[in-house]
Structures are given as structure tokens and as C-alpha cells.
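Student: Got coords-v6.tsv for you, TSV, C-alpha atoms:
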```tsv
chain	number	residue	atom	x	y	z
P	11	MET	CA	-125.97	-6.67	-2.14
P	12	LYS	CA	-129.02	-7.72	-4.17
P	13	ARG	CA	-132.72	-7.38	-3.38
P	14	VAL	CA	-134.92	-9.91	-5.14
P	15	VAL	CA	-138.69	-9.41	-5.41
P	16	LEU	CA	-140.93	-12.40	-6.15
P	17	ARG	CA	-144.39	-11.58	-7.47
P	18	PRO	CA	-146.71	-14.61	-7.41
P	19	ARG	CA	-148.45	-15.33	-10.69
P	20	GLY	CA	-151.43	-17.07	-9.14
P	21	GLY	CA	-152.84	-17.69	-5.69
P	22	ARG	CA	-150.82	-16.50	-2.74
P	23	ALA	CA	-147.12	-16.43	-1.98
P	24	ARG	CA	-145.82	-19.56	-0.26
P	25	PRO	CA	-143.32	-19.37	2.63
P	26	LEU	CA	-139.71	-19.59	1.48
P	27	ARG	CA	-137.13	-19.94	4.24
P	28	SER	CA	-133.46	-19.19	3.63
P	29	ASP	CA	-132.37	-22.86	3.45
P	30	THR	CA	-135.04	-23.59	0.84
P	31	LEU	CA	-134.13	-20.48	-1.16
P	32	PHE	CA	-130.44	-21.33	-1.13
P	33	GLY	CA	-131.19	-24.87	-2.31
P	34	LEU	CA	-133.36	-23.57	-5.16
P	35	LEU	CA	-130.71	-21.08	-6.21
P	36	ALA	CA	-128.10	-23.85	-6.15
P	37	TRP	CA	-130.21	-25.85	-8.62
P	38	GLY	CA	-130.51	-22.75	-10.76
P	39	VAL	CA	-126.73	-22.21	-10.75
P	40	ARG	CA	-126.21	-25.85	-11.71
P	41	GLU	CA	-128.62	-25.55	-14.65
P	42	VAL	CA	-127.29	-22.31	-16.11
P	43	ALA	CA	-123.59	-22.32	-15.13
P	44	GLY	CA	-122.73	-26.00	-14.75
P	45	ARG	CA	-121.49	-28.38	-12.07
P	46	GLY	CA	-118.21	-26.51	-11.59
P	47	ALA	CA	-120.05	-23.32	-10.65
P	48	LEU	CA	-122.27	-25.30	-8.26
P	49	ASP	CA	-119.20	-26.79	-6.57
P	50	ARG	CA	-117.77	-23.30	-6.09
P	51	LEU	CA	-121.11	-22.08	-4.72
P	52	LEU	CA	-121.19	-24.89	-2.15
P	53	GLU	CA	-117.53	-24.66	-1.20
P	54	PRO	CA	-117.25	-23.80	2.53
P	55	PRO	CA	-115.35	-20.64	3.54
P	56	SER	CA	-111.62	-21.29	3.73
P	57	GLY	CA	-111.18	-19.51	7.06
P	58	ALA	CA	-112.58	-17.02	9.55
P	59	GLU	CA	-111.87	-14.08	7.23
P	60	ASP	CA	-113.51	-15.71	4.19
P	61	GLU	CA	-117.22	-15.27	3.52
P	62	PRO	CA	-119.56	-17.87	2.00
P	63	ALA	CA	-120.13	-17.70	-1.73
P	64	LEU	CA	-123.77	-16.74	-1.10
P	65	VAL	CA	-125.79	-15.69	1.95
P	66	VAL	CA	-129.55	-15.13	1.65
P	67	THR	CA	-132.33	-14.03	3.97
P	68	SER	CA	-135.61	-15.83	4.23
P	69	ALA	CA	-138.37	-14.35	2.07
P	70	PHE	CA	-140.58	-11.71	3.71
P	71	PRO	CA	-143.64	-9.76	2.51
P	72	CYS	CA	-143.42	-6.54	0.56
P	73	ALA	CA	-145.93	-4.25	-1.12
P	74	ALA	CA	-145.43	-1.10	-3.18
P	75	GLU	CA	-142.42	0.71	-1.68
P	76	ARG	CA	-142.50	-0.95	1.74
P	77	SER	CA	-140.95	-4.15	3.09
P	78	TRP	CA	-141.32	-6.11	6.32
P	79	PHE	CA	-138.71	-7.90	8.43
P	80	PRO	CA	-138.81	-10.19	11.48
P	81	ARG	CA	-139.10	-8.68	14.93
P	82	PRO	CA	-136.78	-9.88	17.71
P	83	VAL	CA	-138.04	-13.23	18.96
P	84	ASP	CA	-138.72	-12.01	22.50
P	85	GLU	CA	-141.28	-9.52	21.17
P	86	GLY	CA	-143.56	-12.31	20.02
P	87	PRO	CA	-144.61	-13.31	16.51
P	88	GLY	CA	-144.98	-10.66	13.87
P	89	LEU	CA	-143.06	-8.36	11.57
P	90	GLN	CA	-141.72	-4.81	11.61
P	91	ASP	CA	-141.75	-2.50	8.61
P	92	ASP	CA	-138.57	-1.19	7.02
P	93	ALA	CA	-138.83	2.27	8.58
P	94	THR	CA	-139.09	0.72	12.04
P	95	LEU	CA	-136.16	-1.59	11.36
P	96	LEU	CA	-133.94	1.30	10.24
P	97	ALA	CA	-134.88	3.36	13.28
P	98	ARG	CA	-134.04	0.50	15.63
P	99	ILE	CA	-130.79	-0.33	13.84
P	100	GLY	CA	-129.79	3.28	14.50
P	101	GLY	CA	-130.80	3.06	18.14
P	102	GLY	CA	-133.81	5.34	17.81
P	103	ALA	CA	-137.41	4.78	18.77
P	104	PRO	CA	-139.60	3.05	16.18
P	105	ALA	CA	-142.41	4.87	14.42
P	106	THR	CA	-145.42	5.41	16.65
P	107	ASP	CA	-147.69	4.05	13.91
P	108	PRO	CA	-145.71	1.39	12.01
P	109	ALA	CA	-147.27	0.10	8.83
P	110	PRO	CA	-148.97	-3.29	9.28
P	111	PRO	CA	-147.90	-6.19	7.05
P	112	PRO	CA	-149.98	-6.56	3.89
P	113	SER	CA	-152.79	-9.06	3.78
P	114	ALA	CA	-152.59	-11.81	1.16
P	115	PRO	CA	-151.98	-11.79	-1.72
P	116	HIS	CA	-148.66	-9.95	-1.53
P	117	ASP	CA	-145.19	-10.08	-3.02
P	118	LEU	CA	-142.13	-11.55	-1.34
P	119	PHE	CA	-138.55	-10.30	-1.23
P	120	PHE	CA	-135.20	-11.52	0.00
P	121	LEU	CA	-131.69	-10.10	0.23
P	122	ALA	CA	-128.50	-11.79	-0.97
P	123	TYR	CA	-124.77	-11.09	-0.93
P	124	GLY	CA	-121.53	-12.94	-1.60
P	125	ARG	CA	-119.05	-13.57	-4.36
P	126	ALA	CA	-121.65	-15.69	-6.21
P	127	GLU	CA	-123.85	-12.63	-6.85
P	128	PRO	CA	-122.96	-12.69	-10.58
P	129	TRP	CA	-124.69	-16.07	-10.90
P	130	LEU	CA	-127.89	-14.89	-9.25
P	131	GLU	CA	-129.67	-13.46	-12.27
P	132	GLY	CA	-129.19	-16.56	-14.41
P	133	ALA	CA	-130.32	-18.85	-11.56
P	134	LEU	CA	-133.37	-16.70	-10.89
P	135	ARG	CA	-134.37	-16.60	-14.57
P	136	TYR	CA	-134.19	-20.40	-14.63
P	137	LEU	CA	-136.41	-20.62	-11.52
P	138	GLU	CA	-138.76	-18.04	-13.03
P	139	ARG	CA	-139.35	-20.51	-15.87
P	140	ALA	CA	-139.19	-23.77	-13.91
P	141	GLY	CA	-140.88	-22.72	-10.68
P	142	PHE	CA	-139.66	-22.33	-7.11
P	143	GLY	CA	-140.98	-25.63	-5.79
P	144	GLY	CA	-143.81	-28.13	-5.91
P	145	GLY	CA	-147.09	-27.11	-7.49
P	146	ALA	CA	-145.49	-25.13	-10.32
P	147	ALA	CA	-147.89	-26.64	-12.83
P	148	ARG	CA	-150.81	-25.27	-10.79
P	149	GLY	CA	-149.23	-21.83	-10.49
P	150	GLU	CA	-148.51	-22.33	-6.78
P	151	SER	CA	-144.79	-21.68	-6.99
P	152	GLY	CA	-144.57	-19.49	-10.08
P	153	TYR	CA	-143.13	-16.01	-9.57
P	154	ASP	CA	-142.11	-13.10	-11.73
P	155	VAL	CA	-138.69	-11.99	-10.53
P	156	THR	CA	-137.19	-8.51	-10.15
P	157	LEU	CA	-133.51	-8.21	-9.22
P	158	GLU	CA	-131.94	-4.95	-8.09
P	159	GLU	CA	-128.96	-3.53	-6.24
P	160	THR	CA	-129.64	-2.26	-2.73
P	161	SER	CA	-127.75	-0.57	0.08
P	162	PHE	CA	-130.72	-0.59	2.47
P	163	VAL	CA	-128.74	-2.38	5.18
P	164	ARG	CA	-125.30	-3.91	5.47
P	165	PRO	CA	-124.30	-7.28	6.92
P	166	ALA	CA	-123.28	-7.17	10.57
P	167	ARG	CA	-119.58	-7.58	11.30
P	168	PRO	CA	-118.06	-10.04	13.79
P	169	GLY	CA	-118.37	-8.66	17.31
P	170	GLU	CA	-121.46	-6.56	16.54
P	171	LEU	CA	-124.85	-7.42	17.94
P	172	GLY	CA	-126.88	-8.74	15.02
P	173	LEU	CA	-130.51	-9.38	14.13
P	174	LEU	CA	-130.83	-12.64	12.20
P	175	LEU	CA	-132.85	-12.47	8.97
P	176	SER	CA	-132.39	-16.12	8.02
P	177	LEU	CA	-132.02	-19.56	9.52
P	178	CYS	CA	-128.49	-20.21	10.79
P	179	PHE	CA	-126.50	-23.30	11.75
P	180	PRO	CA	-123.72	-22.03	14.06
P	181	THR	CA	-120.38	-23.80	14.15
P	182	ALA	CA	-119.13	-25.35	17.40
P	183	THR	CA	-117.02	-22.23	18.06
P	184	GLU	CA	-120.02	-19.98	17.40
P	185	ARG	CA	-122.24	-22.08	19.67
P	186	ALA	CA	-119.73	-21.73	22.50
P	187	ALA	CA	-119.56	-17.96	21.98
P	188	LEU	CA	-123.36	-17.76	21.96
P	189	ALA	CA	-123.63	-19.74	25.21
P	190	THR	CA	-121.15	-17.39	26.88
P	191	ALA	CA	-122.94	-14.29	25.58
P	192	ALA	CA	-126.33	-15.60	26.72
P	193	ARG	CA	-124.97	-15.99	30.27
P	194	GLU	CA	-123.29	-12.60	30.38
P	195	ARG	CA	-125.56	-10.28	28.37
P	196	SER	CA	-129.19	-9.30	28.76
P	197	ASP	CA	-129.63	-8.29	25.10
P	198	VAL	CA	-129.14	-11.81	23.72
P	199	ARG	CA	-132.31	-13.67	22.80
P	200	TYR	CA	-132.79	-16.48	20.36
P	201	GLN	CA	-134.99	-19.39	19.37
P	202	VAL	CA	-134.06	-22.64	17.67
P	203	GLU	CA	-135.88	-24.89	15.22
P	204	ARG	CA	-135.31	-28.41	13.93
P	205	ARG	CA	-135.08	-28.55	10.14
P	206	ARG	CA	-135.21	-31.64	7.97
P	207	GLY	CA	-135.68	-31.61	4.23
P	208	VAL	CA	-135.73	-33.75	1.14
P	209	VAL	CA	-132.83	-34.03	-1.29
P	210	GLY	CA	-133.56	-32.61	-4.71
P	211	GLY	CA	-137.35	-32.47	-4.49
P	212	ARG	CA	-138.89	-32.99	-7.90
P	213	ARG	CA	-135.58	-32.16	-9.62
P	214	LEU	CA	-133.67	-35.26	-8.52
P	215	SER	CA	-134.87	-38.80	-7.79
P	216	VAL	CA	-132.85	-40.64	-5.13
P	217	ALA	CA	-133.53	-43.82	-3.16
P	218	ARG	CA	-133.16	-42.26	0.33
P	219	PRO	CA	-134.07	-38.59	-0.05
P	220	PHE	CA	-134.43	-37.42	3.54
P	221	LYS	CA	-131.75	-35.25	5.10
P	222	LYS	CA	-130.56	-35.68	8.68
P	223	ALA	CA	-132.35	-33.23	10.97
P	224	VAL	CA	-130.35	-30.30	12.33
P	225	THR	CA	-131.08	-27.60	14.91
P	226	MET	CA	-130.86	-24.04	13.60
P	227	LEU	CA	-131.26	-20.53	14.97
P	228	ARG	CA	-134.50	-18.89	13.84
P	229	GLU	CA	-135.13	-15.57	12.13
P	230	GLY	CA	-135.43	-12.76	14.68
P	231	SER	CA	-132.72	-14.10	16.98
P	232	VAL	CA	-130.49	-11.35	18.42
P	233	LEU	CA	-126.91	-12.25	19.32
P	234	PRO	CA	-123.30	-11.10	19.00
P	235	VAL	CA	-122.02	-12.14	15.58
P	236	ALA	CA	-119.18	-14.65	15.97
P	237	GLY	CA	-119.33	-15.84	12.35
P	238	VAL	CA	-121.88	-16.62	9.66
P	239	GLY	CA	-122.53	-20.26	10.46
P	240	ALA	CA	-121.98	-23.29	8.29
P	241	ALA	CA	-123.58	-25.69	5.83
P	242	PRO	CA	-123.19	-29.10	7.52
P	243	VAL	CA	-123.25	-32.37	5.62
P	244	VAL	CA	-126.64	-34.01	6.30
P	245	GLY	CA	-126.49	-36.99	3.97
P	246	ARG	CA	-124.89	-38.64	0.99
P	247	VAL	CA	-126.75	-39.77	-2.10
P	248	GLU	CA	-126.12	-41.41	-5.44
P	249	ALA	CA	-127.85	-39.92	-8.45
P	250	GLU	CA	-127.20	-39.48	-12.16
P	251	GLY	CA	-124.19	-41.79	-11.98
P	252	GLU	CA	-122.32	-40.01	-9.19
P	253	ALA	CA	-122.23	-39.86	-5.39
P	254	PHE	CA	-122.10	-36.58	-3.51
P	255	ASP	CA	-122.53	-35.09	-0.05
P	256	VAL	CA	-125.73	-33.23	0.73
P	257	ARG	CA	-125.43	-30.03	2.76
P	258	GLN	CA	-127.99	-28.10	4.80
P	259	PRO	CA	-127.63	-24.38	3.93
P	260	GLY	CA	-127.08	-22.69	7.28
P	261	TYR	CA	-125.27	-19.42	6.62
P	262	GLY	CA	-126.71	-16.63	8.75
P	263	PHE	CA	-127.67	-13.24	7.34
P	264	PHE	CA	-127.21	-10.76	10.22
P	265	VAL	CA	-127.81	-7.02	10.17
P	266	PRO	CA	-126.39	-4.73	12.90
P	267	TRP	CA	-128.78	-4.15	15.76
P	268	THR	CA	-129.03	-1.72	18.65
P	269	GLY	CA	-132.73	-2.26	19.27
P	270	GLY	CA	-133.99	1.22	20.04
P	271	GLY	CA	-137.38	1.32	21.72
P	272	ALA	CA	-139.52	-1.79	21.64
```
Take the structure in the file and write it out as C-alpha cells.
Tutor:
Amino acid sequence: MKRVVLRPRGGRARPLRSDTLFGLLAWGVREVAGRGALDRLLEPPSGAEDEPALVVTSAFPCAAERSWFPRPVDEGPGLQDDATLLARIGGGAPATDPAPPPSAPHDLFFLAYGRAEPWLEGALRYLERAGFGGGAARGESGYDVTLEETSFVRPARPGELGLLLSLCFPTATERAALATAARERSDVRYQVERRRGVVGGRRLSVARPFKKAVTMLREGSVLPVAGVGAAPVVGRVEAEGEAFDVRQPGYGFFVPWTGGGA
């Protein structure tokens, strides 16, 4: 698993959700490794036992040696520090005086795993030069990137209760399992959000750029892991002499969760 730290060069860090991050990394893979590598990155899992080529969390604040993660959605808005998260993953009580999130400006970090990890560094170096979104010329999306191995947490396995660290688009089978779990278990809590984006942003000009809106699980949802979600087709565009499907990145990054004390 990789931990990626983004240090803003100017101004303050801008929010980067997991679907946006995945899309940016896909552009980076395309630029440095070619269209074939991009197709392999976007290829859906072949079955229940196969994992996506890449799963990423949303970006969260970090400072010095400490990082912050989402709290379960039923605890209200806010973040928990890494020591609190580890204690609650292990079923223990959180620290009595958890560290508060840093005030702006601060760095961001995200976690990533999957068979496409070898492409990450090249994609990130491209984005380090080109920017992570609009406003790059004004320094609003420019970051210095640090990439490192980490074993801080592991992905949750199917059947475990998981804390979601990304957006997630569950498959029909996963939605049915979630509905059953929500009826039968008191430790399931989740929130959903409608997401709709633009194809390509400033990197690709298309006549009809808007993606179809989809409903996704939000960061901080707690539910039994039935799979890692999907990347549904949300449009089809023609650009640069070819037509291709547009997908909404919706693979969920879950970590095992027991909750501990609230």
C-alpha cells in the first residue's frame, strides 16, 4: 500500500475526493504510460475474487507525523486522528485528548493500493508538474508530492465491518446486502451523496462534458464489506478522433472497524 502526501505550493489545500483523485491519476497514467496502461487501469474486476487495478481514499489533512481520518457519519462532522483510529480499529477506547485537525494551511494525504501501484509514481510526477486541477497557473492546485510505502492499516476483507475512507458506488448485489444489514444490525450507518462531474476538465475538450449523476456512499460510512463497489459508465464522448465510455470511479477503500468507544 502507498501513502501519498501532497504539500501545497501556494495558498491552501483544496478538497480532493477519491473520484477526483482517481480521475487525475488516470490522466497521469495515460500521459506517462500510454493508452494501453490506461485501459488496464480502468478495466473492471473480472470477478468477486479480483480487486480493482487501483483503489484510493479521499485526501485528508496531515501535519508533521500525524494524520486525520473521517469519523463515522453518525458521530457528526469532523475527523479523528490516526492514534484514535488505530485504537478504535482494535476495539479499544480512543485517546482521552485526541489531537485536533490542523488549521489551514496544511498538507493532504491519501492511501492507494492495487496492481496499478507501479504506475503511481510516474502519474504523480506528471501531476506534480501539470497540476491537480483548475487554477494550476495561480498555484491553487500545485503540490509537491511524497510517495512512500505504508502498513498503517490494511484493507477490510469481505464480511468484515468496514469504515469507508472514500466515496463508493456499490453494485446491485452490494446494495442488497447493505439493505439487509441495515435492517438486521445496529452498527451499520451510512450517508449517500449525489456526484456529477465533468469529463476531462481542462485536459480534454468535448461537446457534452457532463457526466450522468450517480448516488454514492460517503466517507465515514460503516457497513459490512460485501465488495469494493464499481465504476459505472456515466457517459460516452468523442474526442481526439475516438469514442469511449466515461466511468465514474466508485471503488470503496474500507478499513476494518470495531468502533471502540465513541
Student: With a distance cut-off of 10 Å and only C-alpha atoms, select the neighbouring residues of Val83 (chain P), excluding the residue or stretch itself and same-chain residues fewer than 2 positions from it, and output the selection as a list of chain:residue names.
Tutor: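 That gives P:Pro80, P:Arg81, P:Glu85, P:Gly86, P:Pro87, P:Gly88, P:Leu173, P:Leu174, P:Arg199, P:Tyr200, P:Gln201, P:Arg228, P:Glu229, P:Gly230, P:Ser231, P:Val232.
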Student: With all atoms listed in the file as the atoms that count, which of P:Ala43, P:Arg19, P:Phe254, P:Ala126 lies nearest to Arg139 (chain P)?
Tutor: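 Counting all atoms listed in the file, the residue closest to Arg139 (chain P) is P:Arg19.
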Student: Here's a test: counting all atoms listed in the file, identify every protein, DNA and RNA residue with an atom at most 8 Å from (-137.9, -6.4, 9.8) in the file's coordinate frame, and state them as a ChimeraX atom specification.
Tutor: /P:77-81,89-92,94-95,175
Student: Grab the CA of Pro128 (chain P) to CA of Ala240 (chain P) distance for me, in Å with one decimal place.
Tutor: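 Those two atoms sit 21.7 Å apart.
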Student: Please provide the set of residues having any atom within 8 Å of Cys72 (chain P), restricted to all atoms listed in the file, with same-chain residues fewer than 2 positions apart removed, written as a VMD selection string.
Tutor: chain P and resid 70 74 to 78 111 to 112 116 to 119
Student: Grab all the atoms of region 155-171 of chain P that the file lists, wrap them in a box along x, y and z, add 5 Å per side, and give me centre plus edge lengths in Å (one decimal) as lines of an AutoDock Vina configuration file.
Tutor:
```
center_x = -128.4
center_y = -6.3
center_z = 3.7
size_x = 30.6
size_y = 21.4
size_z = 38.5
```
Student: Between CA of Ala36 (chain P) and CA of Leu137 (chain P), what is the spacing in Å?
Tutor: 10.4 Å
Student: Counting only C-alpha atoms, figure out which residue out of P:Gly169, P:Thr181, P:Arg206, P:Phe264 gets nearest to Ala236 (chain P).
Tutor: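 For Ala236 (chain P), the nearest of the given residues is P:Gly169.
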Student: Please check which residues have atoms at most 6 Å from (-132.9, 0.7, 16.2) in the file's coordinates, counting all atoms listed in the file, and write them as a ChimeraX atom specification.
Tutor: /P:97-102,268-270
Student: What is the distance, in Å and to one decimal place, between CA of Ala140 (chain P) and CA of Met226 (chain P)?
Tutor: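 CA of Met226 (chain P) lies at a distance of 28.7 Å from CA of Ala140 (chain P).
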Student: Residues at most 10 Å from Val15 (chain P), counting all atoms listed in the file, excluding those fewer than 3 positions away in the same chain, as a PyMOL selection string?
Tutor: chain P and resi 12+18+69-73+117-121+153-158
Student: Next, dump the selected residues to file, keeping only C-alpha atoms, as a CSV table (one decimal), in the coordinates of the input.
Tutor:
```
chain,number,residue,atom,x,y,z
P,12,LYS,CA,-129.0,-7.7,-4.2
P,18,PRO,CA,-146.7,-14.6,-7.4
P,69,ALA,CA,-138.4,-14.4,2.1
P,70,PHE,CA,-140.6,-11.7,3.7
P,71,PRO,CA,-143.6,-9.8,2.5
P,72,CYS,CA,-143.4,-6.5,0.6
P,73,ALA,CA,-145.9,-4.2,-1.1
P,117,ASP,CA,-145.2,-10.1,-3.0
P,118,LEU,CA,-142.1,-11.6,-1.3
P,119,PHE,CA,-138.6,-10.3,-1.2
P,120,PHE,CA,-135.2,-11.5,0.0
P,121,LEU,CA,-131.7,-10.1,0.2
P,153,TYR,CA,-143.1,-16.0,-9.6
P,154,ASP,CA,-142.1,-13.1,-11.7
P,155,VAL,CA,-138.7,-12.0,-10.5
P,156,THR,CA,-137.2,-8.5,-10.2
P,157,LEU,CA,-133.5,-8.2,-9.2
P,158,GLU,CA,-131.9,-5.0,-8.1
```
Student: Set the distance at 8 Å and use all atoms listed in the file: which residues neighbour Val39 (chain P) once local chain neighbours fewer than 4 positions away are removed? I'd like the list as an NGL selection string.
Tutor: :P and (35 or 43-44 or 47-48 or 129-130 or 132-133)
Student: Can you list, as an mmCIF file with C-alpha atoms, keeping the file's coordinate frame, every protein, DNA or RNA residue that comes within 6 Å of Ala241 (chain P) when you count all atoms listed in the file, leaving out same-chain residues fewer than 3 positions away?
Tutor:
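Written file, around_36.cif:
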```cif
data_model
loop_
_atom_site.group_PDB
_atom_site.id
_atom_site.type_symbol
_atom_site.label_atom_id
_atom_site.label_comp_id
_atom_site.auth_asym_id
_atom_site.auth_seq_id
_atom_site.Cartn_x
_atom_site.Cartn_y
_atom_site.Cartn_z
ATOM 1 C CA ARG P 257 -125.430 -30.030 2.760
ATOM 2 C CA GLN P 258 -127.990 -28.100 4.800
ATOM 3 C CA PRO P 259 -127.630 -24.380 3.930
ATOM 4 C CA GLY P 260 -127.080 -22.690 7.280
#
```
